[in-house]
>>> print(open('input.csv').read())   # CSV, C-alpha atoms
chain,number,residue,atom,x,y,z
A,1,MET,CA,69.4,-11.8,302.6
A,2,PRO,CA,69.1,-8.8,304.9
A,3,ARG,CA,72.1,-8.3,307.3
A,4,ALA,CA,69.8,-8.2,310.4
A,5,VAL,CA,68.3,-11.6,309.5
A,6,VAL,CA,71.8,-13.1,308.8
A,7,ASP,CA,73.1,-11.8,312.1
A,8,GLY,CA,70.0,-13.3,313.9
A,9,LEU,CA,70.5,-16.7,312.3
A,10,ALA,CA,74.3,-16.6,313.0
A,11,GLY,CA,73.5,-16.3,316.7
A,12,ARG,CA,71.6,-19.6,316.5
A,13,ALA,CA,74.1,-21.3,314.3
A,14,THR,CA,76.8,-23.8,315.3
A,15,ARG,CA,79.8,-25.1,313.4
A,16,ARG,CA,80.2,-28.8,312.8
A,17,ARG,CA,83.0,-30.9,311.2
A,18,VAL,CA,82.0,-34.1,309.5
A,19,ARG,CA,84.3,-36.8,308.3
A,20,ARG,CA,84.4,-38.4,304.9
A,21,GLY,CA,81.8,-41.2,304.6
A,22,GLN,CA,79.8,-39.8,307.5
A,23,ARG,CA,76.0,-39.3,307.1
A,24,VAL,CA,75.1,-35.6,307.6
A,25,GLY,CA,72.2,-35.1,309.9
A,26,SER,CA,69.8,-37.4,311.7
A,27,ARG,CA,66.4,-38.8,311.0
A,28,GLY,CA,64.8,-36.1,313.2
A,29,GLU,CA,64.6,-32.4,312.4
A,30,VAL,CA,66.7,-31.5,309.3
A,31,PRO,CA,68.5,-28.2,309.9
A,32,VAL,CA,69.6,-25.7,307.2
A,33,LEU,CA,73.3,-26.4,306.4
A,34,VAL,CA,75.9,-24.1,304.9
A,35,LEU,CA,78.8,-25.9,303.4
A,36,VAL,CA,82.0,-23.9,304.3
A,37,ALA,CA,84.7,-26.4,303.2
A,38,GLY,CA,84.8,-29.9,301.7
A,39,ARG,CA,82.2,-31.7,299.6
A,40,LEU,CA,78.9,-33.3,300.3
A,41,GLU,CA,76.9,-35.8,298.2
A,42,VAL,CA,73.2,-35.7,297.8
A,43,VAL,CA,72.1,-39.3,297.8
A,44,SER,CA,68.8,-40.7,296.8
A,45,ASP,CA,67.9,-44.1,298.4
A,46,ARG,CA,65.0,-45.8,296.5
A,47,GLY,CA,65.1,-49.1,298.4
A,48,ASP,CA,67.3,-51.3,296.3
A,49,GLU,CA,68.9,-48.4,294.4
A,50,VAL,CA,71.2,-45.8,295.9
A,51,ALA,CA,72.3,-43.0,293.6
A,52,VAL,CA,74.4,-39.9,294.0
A,53,VAL,CA,72.2,-37.2,292.7
A,54,ARG,CA,74.8,-34.5,292.8
A,55,SER,CA,77.9,-33.2,294.7
A,56,LEU,CA,77.8,-29.9,296.6
A,57,VAL,CA,80.9,-27.7,297.0
A,58,PRO,CA,81.2,-24.4,298.9
A,59,PRO,CA,79.4,-22.2,299.1
A,60,ALA,CA,76.3,-24.4,299.2
A,61,VAL,CA,73.1,-24.0,301.3
A,62,VAL,CA,70.9,-27.1,301.9
A,63,GLY,CA,67.6,-27.6,303.6
A,64,LEU,CA,65.7,-24.3,303.0
A,65,SER,CA,62.6,-26.0,301.5
A,66,VAL,CA,62.7,-28.7,304.3
A,67,ALA,CA,62.8,-25.9,306.9
A,68,VAL,CA,59.5,-24.6,305.7
A,69,GLY,CA,57.8,-28.0,305.6
A,70,ALA,CA,58.7,-29.8,302.3
A,71,PRO,CA,59.6,-33.4,302.8
A,72,ALA,CA,63.2,-34.4,302.6
A,73,SER,CA,63.9,-36.0,299.3
A,74,ALA,CA,67.4,-37.3,299.8
A,75,GLU,CA,70.2,-37.8,302.3
A,76,LEU,CA,73.5,-36.0,302.6
A,77,TRP,CA,76.8,-37.8,303.0
A,78,ALA,CA,80.3,-36.2,303.4
A,79,ALA,CA,82.3,-37.1,300.3
A,80,GLU,CA,85.3,-35.4,301.9
A,81,ASP,CA,86.0,-34.1,305.4
A,82,SER,CA,83.8,-31.0,305.5
A,83,ASP,CA,83.0,-28.0,307.7
A,84,LEU,CA,79.4,-27.0,308.1
A,85,VAL,CA,77.4,-24.2,309.7
A,86,VAL,CA,74.2,-25.7,311.1
A,87,ILE,CA,71.2,-23.5,311.6
A,88,PRO,CA,68.1,-24.9,313.3
A,89,ALA,CA,65.2,-25.2,310.8
A,90,ALA,CA,62.8,-23.6,313.2
A,91,ALA,CA,64.9,-20.5,313.4
A,92,VAL,CA,65.1,-20.3,309.6
A,93,ALA,CA,61.4,-20.8,309.2
A,94,ALA,CA,60.6,-18.1,311.8
A,95,ALA,CA,63.0,-15.7,310.1
A,96,LEU,CA,61.3,-16.3,306.7
A,97,ARG,CA,57.9,-15.7,308.3
A,98,ARG,CA,58.9,-12.4,309.9
A,99,HIS,CA,61.0,-11.0,307.1
A,100,PRO,CA,59.5,-11.0,303.6
A,101,GLU,CA,62.8,-9.8,302.1
A,102,ALA,CA,64.5,-12.9,303.5
A,103,THR,CA,61.8,-15.1,302.0
A,104,LEU,CA,62.5,-13.5,298.6
A,105,ALA,CA,66.2,-14.1,299.0
A,106,ALA,CA,65.4,-17.8,299.8
A,107,LEU,CA,63.2,-18.0,296.7
A,108,VAL,CA,66.0,-16.5,294.6
A,109,HIS,CA,68.4,-19.1,296.0
A,110,LEU,CA,66.0,-21.9,295.2
A,111,GLY,CA,65.5,-20.5,291.7
A,112,GLY,CA,69.3,-20.7,291.3
A,113,VAL,CA,69.4,-24.3,292.4
A,114,ILE,CA,66.6,-25.1,289.8
A,115,ALA,CA,68.6,-23.3,287.1
A,116,GLU,CA,71.8,-25.3,288.0
A,117,LEU,CA,69.8,-28.6,287.9
A,118,SER,CA,68.2,-27.6,284.6
A,119,ALA,CA,71.6,-26.8,283.1
A,120,GLU,CA,72.9,-30.2,284.2
A,121,VAL,CA,69.9,-32.0,282.6
A,122,ALA,CA,70.4,-30.0,279.4
A,123,ALA,CA,74.2,-31.0,279.4
A,124,LEU,CA,73.3,-34.6,279.8
A,125,ARG,CA,71.2,-34.4,276.6
A,126,ARG,CA,73.5,-32.2,274.5
A,127,HIS,CA,77.1,-33.1,275.4
A,128,GLY,CA,79.2,-36.2,275.1
A,129,LEU,CA,80.8,-37.9,278.0
A,130,VAL,CA,84.2,-36.1,277.8
A,131,ALA,CA,82.5,-32.7,277.8
A,132,ARG,CA,80.3,-33.7,280.7
A,133,ILE,CA,83.3,-34.8,282.7
A,134,ARG,CA,85.2,-31.6,281.9
A,135,HIS,CA,82.2,-29.6,283.1
A,136,ARG,CA,81.7,-31.6,286.3
A,137,LEU,CA,85.4,-31.5,287.2
A,138,ALA,CA,85.4,-27.7,286.7
A,139,GLN,CA,82.4,-27.4,289.1
A,140,LEU,CA,83.9,-29.7,291.7
A,141,GLY,CA,87.4,-28.3,291.3
A,142,ALA,CA,86.5,-24.6,291.6
A,143,GLY,CA,89.4,-23.1,293.6
A,144,ARG,CA,91.0,-26.4,294.1
A,145,ARG,CA,93.9,-28.4,292.5
A,146,GLU,CA,92.6,-31.9,293.6
A,147,ILE,CA,89.2,-33.6,293.9
A,148,SER,CA,88.7,-36.6,296.0
A,149,ILE,CA,86.3,-38.7,293.9
A,150,THR,CA,86.3,-42.2,292.5
A,151,HIS,CA,85.6,-43.0,288.8
A,152,ALA,CA,82.4,-44.8,289.9
A,153,ARG,CA,81.2,-41.7,291.8
A,154,LEU,CA,82.0,-39.4,288.9
A,155,ALA,CA,80.1,-41.8,286.6
A,156,ASP,CA,77.0,-41.7,288.9
A,157,GLU,CA,77.1,-37.9,288.8
A,158,ILE,CA,77.4,-37.4,285.1
A,159,GLY,CA,75.3,-40.3,283.8
A,160,GLY,CA,77.9,-42.6,282.5
A,161,THR,CA,79.5,-46.0,283.4
A,162,ARG,CA,82.6,-46.4,285.4
A,163,ALA,CA,84.4,-48.0,282.5
A,164,ASN,CA,83.6,-45.2,280.1
A,165,VAL,CA,84.5,-42.5,282.6
A,166,SER,CA,87.8,-44.2,283.2
A,167,ARG,CA,88.5,-44.2,279.4
A,168,ALA,CA,87.5,-40.6,279.1
A,169,LEU,CA,89.7,-39.6,282.1
A,170,ALA,CA,92.6,-41.5,280.4
A,171,ARG,CA,92.0,-39.3,277.3
A,172,LEU,CA,91.9,-36.2,279.4
A,173,GLU,CA,95.1,-37.3,281.1
A,174,ARG,CA,96.9,-37.8,277.8
A,175,GLU,CA,95.7,-34.2,276.9
A,176,GLY,CA,97.3,-32.9,280.1
A,177,VAL,CA,94.0,-31.8,281.6
A,178,VAL,CA,94.0,-34.1,284.6
A,179,ARG,CA,96.2,-36.6,286.5
A,180,ARG,CA,94.5,-39.7,287.8
A,181,ARG,CA,95.4,-40.9,291.3
A,182,ARG,CA,93.7,-43.6,293.4
A,183,GLY,CA,90.4,-42.1,294.7
A,184,ARG,CA,91.3,-38.6,293.5
A,185,ILE,CA,91.8,-36.5,290.4
A,186,GLU,CA,94.4,-33.7,290.1
A,187,LEU,CA,93.5,-30.8,287.9
A,188,SER,CA,96.2,-29.3,285.6
>>> encode(input="input.csv", output="structure tokens")
Amino acid sequence: MPRAVVDGLAGRATRRRVRRGQRVGSRGEVPVLVLVAGRLEVVSDRGDEVAVVRSLVPPAVVGLSVAVGAPASAELWAAEDSDLVVIPAAAVAAALRRHPEATLAALVHLGGVIAELSAEVAALRRHGLVARIRHRLAQLGAGRREISITHARLADEIGGTRANVSRALARLEREGVVRRRRGRIELS
């Protein structure tokens, strides 16, 4: 995104700290969020079924499509204590209208998100449970030695059951890849 646009949006942005388990945002206007530290979960609530769609780790940007009028399709919850940069949606929408190069940068970003999601769907089809767990832990653990996540949450994210994920993690622990701790996984 062009530097002048970033500088303009930075002038409207605020920093916010959210605690683990806290819902991010309100039912009103949904801002554009930049995840600086921590982990957020994208949660879909379909009445009687609540599912973690995916976890987001830094650097992640959320809310671009909502800022320009798309309906919100999920909620965000802090999976860990997290630091966010909050940018008003109206400011982002105005910047995108005024600066075509910013709009192109947003489209490139959204294309990258689609590519990531497509790769995750392909992995669900192609790979076994252990490979999917390795891949997801590598994503969540980028630049970290420990991930705060339960076996049940990890199972939701990779399309497995808690029991099977626990067995697969035990196998990975025997191989020296991970160490399981209550509510967290240490990466070797």
>>> residues_around(input="input.csv", residues="Arg171 in chain A", least_positions_apart="6", cutoff="12 Å", atoms="all atoms listed in the file", output="list in words")
Leu129, Val130, Ala131, Ile133, Arg134, Asn164, Val165, Val177, Val178, Arg179 and Arg180 of chain A
>>> closest_residue(input="input.csv", among="A:Ala51, A:Leu35, A:Gly63, A:Val108", to="Ala155 in chain A", atoms="only C-alpha atoms")
A:Ala51
>>> residues_around(input="input.csv", residues="range 5-18 of chain A", least_positions_apart="4", cutoff="8 Å", atoms="all atoms listed in the file", output="count of residues only")
17
>>> atom_distance(input="input.csv", atom1="CA of Glu116 in chain A", atom2="CA of Ala94 in chain A")
27.3 Å
>>> residues_around(input="input.csv", residues="Ala72 in chain A", least_positions_apart="2", cutoff="12 Å", atoms="all atoms listed in the file", output="ChimeraX atom specification")
/A:25-32,42-45,62-70,74-76
>>> atom_distance(input="input.csv", atom1="CA of Glu146 in chain A", atom2="CA of Leu110 in chain A")
28.5 Å
>>> atom_distance(input="input.csv", atom1="CA of Gly141 in chain A", atom2="CA of Leu187 in chain A")
7.4 Å
>>> closest_residue(input="input.csv", among="A:Arg181, A:Arg145, A:Arg132, A:His109", to="Ala168 in chain A", atoms="all atoms listed in the file")
A:Arg132
>>> closest_residue(input="input.csv", among="A:Ile147, A:Ala170, A:Leu124, A:Ala93", to="Ala106 in chain A", atoms="all atoms listed in the file")
A:Ala93
>>> residues_around(input="input.csv", residues="Arg153 in chain A", least_positions_apart="5", cutoff="9 Å", atoms="all atoms listed in the file", output="list in words")
Val52, Ile158 and Arg162 of chain A
>>> closest_residue(input="input.csv", among="A:Ala4, A:Leu169, A:Leu140, A:Ala163", to="Val57 in chain A", atoms="only C-alpha atoms")
A:Leu140
>>> residues_around(input="input.csv", residues="Ser166 in chain A", least_positions_apart="6", cutoff="10 Å", atoms="all atoms listed in the file", output="list in words")
Thr150, His151, Ala152, Leu154, Ala155, Leu172 and Arg180 of chain A
>>> closest_residue(input="input.csv", among="A:Leu56, A:Ala142, A:Leu137, A:Leu117", to="Ile185 in chain A", atoms="all atoms listed in the file")
A:Leu137
>>> closest_residue(input="input.csv", among="A:Gly38, A:Gly183, A:Gly21, A:Pro58", to="Ser148 in chain A", atoms="all atoms listed in the file")
A:Gly183
>>> build_atoms(input="input.csv", residues="range 4-15 of chain A", atoms="all heavy atoms", output="PDB file, in the frame of the given file")
ATOM      1  N   ALA A   4      70.408  -7.988 309.074  1.00  0.00           N
ATOM      2  CA  ALA A   4      69.800  -8.200 310.400  1.00  0.00           C
ATOM      3  C   ALA A   4      69.350  -9.685 310.522  1.00  0.00           C
ATOM      4  O   ALA A   4      69.502 -10.316 311.578  1.00  0.00           O
ATOM      5  CB  ALA A   4      68.668  -7.279 310.663  1.00  0.00           C
ATOM      6  N   VAL A   5      68.803 -10.229 309.439  1.00  0.00           N
ATOM      7  CA  VAL A   5      68.300 -11.600 309.500  1.00  0.00           C
ATOM      8  C   VAL A   5      69.531 -12.564 309.551  1.00  0.00           C
ATOM      9  O   VAL A   5      69.529 -13.513 310.335  1.00  0.00           O
ATOM     10  CB  VAL A   5      67.471 -11.923 308.212  1.00  0.00           C
ATOM     11  CG1 VAL A   5      67.079 -13.389 308.170  1.00  0.00           C
ATOM     12  CG2 VAL A   5      66.239 -11.034 308.184  1.00  0.00           C
ATOM     13  N   VAL A   6      70.562 -12.283 308.749  1.00  0.00           N
ATOM     14  CA  VAL A   6      71.800 -13.100 308.800  1.00  0.00           C
ATOM     15  C   VAL A   6      72.386 -13.095 310.176  1.00  0.00           C
ATOM     16  O   VAL A   6      72.758 -14.144 310.713  1.00  0.00           O
ATOM     17  CB  VAL A   6      72.784 -12.645 307.711  1.00  0.00           C
ATOM     18  CG1 VAL A   6      74.121 -13.358 307.877  1.00  0.00           C
ATOM     19  CG2 VAL A   6      72.231 -12.861 306.313  1.00  0.00           C
ATOM     20  N   ASP A   7      72.474 -11.910 310.771  1.00  0.00           N
ATOM     21  CA  ASP A   7      73.100 -11.800 312.100  1.00  0.00           C
ATOM     22  C   ASP A   7      72.230 -12.590 313.136  1.00  0.00           C
ATOM     23  O   ASP A   7      72.786 -13.264 314.008  1.00  0.00           O
ATOM     24  CB  ASP A   7      73.161 -10.335 312.553  1.00  0.00           C
ATOM     25  CG  ASP A   7      74.216  -9.576 311.764  1.00  0.00           C
ATOM     26  OD1 ASP A   7      75.063 -10.225 311.117  1.00  0.00           O
ATOM     27  OD2 ASP A   7      74.172  -8.325 311.786  1.00  0.00           O
ATOM     28  N   GLY A   8      70.908 -12.516 313.026  1.00  0.00           N
ATOM     29  CA  GLY A   8      70.000 -13.300 313.900  1.00  0.00           C
ATOM     30  C   GLY A   8      70.222 -14.769 313.803  1.00  0.00           C
ATOM     31  O   GLY A   8      70.280 -15.493 314.796  1.00  0.00           O
ATOM     32  N   LEU A   9      70.313 -15.235 312.564  1.00  0.00           N
ATOM     33  CA  LEU A   9      70.500 -16.700 312.300  1.00  0.00           C
ATOM     34  C   LEU A   9      71.909 -17.110 312.771  1.00  0.00           C
ATOM     35  O   LEU A   9      72.082 -18.216 313.288  1.00  0.00           O
ATOM     36  CB  LEU A   9      70.269 -17.016 310.873  1.00  0.00           C
ATOM     37  CG  LEU A   9      68.821 -16.891 310.400  1.00  0.00           C
ATOM     38  CD1 LEU A   9      68.724 -17.113 308.891  1.00  0.00           C
ATOM     39  CD2 LEU A   9      67.919 -17.853 311.146  1.00  0.00           C
ATOM     40  N   ALA A  10      72.889 -16.233 312.579  1.00  0.00           N
ATOM     41  CA  ALA A  10      74.300 -16.600 313.000  1.00  0.00           C
ATOM     42  C   ALA A  10      74.333 -16.799 314.497  1.00  0.00           C
ATOM     43  O   ALA A  10      75.099 -17.648 314.967  1.00  0.00           O
ATOM     44  CB  ALA A  10      75.223 -15.462 312.576  1.00  0.00           C
ATOM     45  N   GLY A  11      73.516 -16.067 315.242  1.00  0.00           N
ATOM     46  CA  GLY A  11      73.500 -16.300 316.700  1.00  0.00           C
ATOM     47  C   GLY A  11      72.940 -17.614 317.110  1.00  0.00           C
ATOM     48  O   GLY A  11      73.219 -18.088 318.200  1.00  0.00           O
ATOM     49  N   ARG A  12      72.174 -18.242 316.249  1.00  0.00           N
ATOM     50  CA  ARG A  12      71.600 -19.600 316.500  1.00  0.00           C
ATOM     51  C   ARG A  12      72.423 -20.702 315.908  1.00  0.00           C
ATOM     52  O   ARG A  12      72.177 -21.867 316.173  1.00  0.00           O
ATOM     53  CB  ARG A  12      70.179 -19.649 315.972  1.00  0.00           C
ATOM     54  CG  ARG A  12      69.207 -18.605 316.484  1.00  0.00           C
ATOM     55  CD  ARG A  12      68.669 -18.883 317.876  1.00  0.00           C
ATOM     56  NE  ARG A  12      68.234 -20.234 318.110  1.00  0.00           N
ATOM     57  CZ  ARG A  12      67.026 -20.717 317.830  1.00  0.00           C
ATOM     58  NH1 ARG A  12      66.107 -19.930 317.324  1.00  0.00           N
ATOM     59  NH2 ARG A  12      66.726 -21.970 318.091  1.00  0.00           N
ATOM     60  N   ALA A  13      73.374 -20.343 315.056  1.00  0.00           N
ATOM     61  CA  ALA A  13      74.100 -21.300 314.300  1.00  0.00           C
ATOM     62  C   ALA A  13      75.274 -21.937 315.101  1.00  0.00           C
ATOM     63  O   ALA A  13      75.789 -21.323 316.031  1.00  0.00           O
ATOM     64  CB  ALA A  13      74.691 -20.691 313.024  1.00  0.00           C
ATOM     65  N   THR A  14      75.631 -23.162 314.718  1.00  0.00           N
ATOM     66  CA  THR A  14      76.800 -23.800 315.300  1.00  0.00           C
ATOM     67  C   THR A  14      77.663 -24.336 314.142  1.00  0.00           C
ATOM     68  O   THR A  14      77.175 -24.554 313.035  1.00  0.00           O
ATOM     69  CB  THR A  14      76.416 -25.010 316.189  1.00  0.00           C
ATOM     70  OG1 THR A  14      75.640 -25.939 315.425  1.00  0.00           O
ATOM     71  CG2 THR A  14      75.615 -24.542 317.390  1.00  0.00           C
ATOM     72  N   ARG A  15      78.937 -24.528 314.418  1.00  0.00           N
ATOM     73  CA  ARG A  15      79.800 -25.100 313.400  1.00  0.00           C
ATOM     74  C   ARG A  15      79.958 -26.601 313.696  1.00  0.00           C
ATOM     75  O   ARG A  15      79.925 -27.024 314.852  1.00  0.00           O
ATOM     76  CB  ARG A  15      81.212 -24.448 313.456  1.00  0.00           C
ATOM     77  CG  ARG A  15      81.146 -23.037 312.867  1.00  0.00           C
ATOM     78  CD  ARG A  15      82.504 -22.471 312.619  1.00  0.00           C
ATOM     79  NE  ARG A  15      83.240 -23.152 311.585  1.00  0.00           N
ATOM     80  CZ  ARG A  15      83.499 -22.654 310.388  1.00  0.00           C
ATOM     81  NH1 ARG A  15      83.059 -21.474 310.060  1.00  0.00           N
ATOM     82  NH2 ARG A  15      84.218 -23.322 309.518  1.00  0.00           N
TER      83      ARG A  15
END
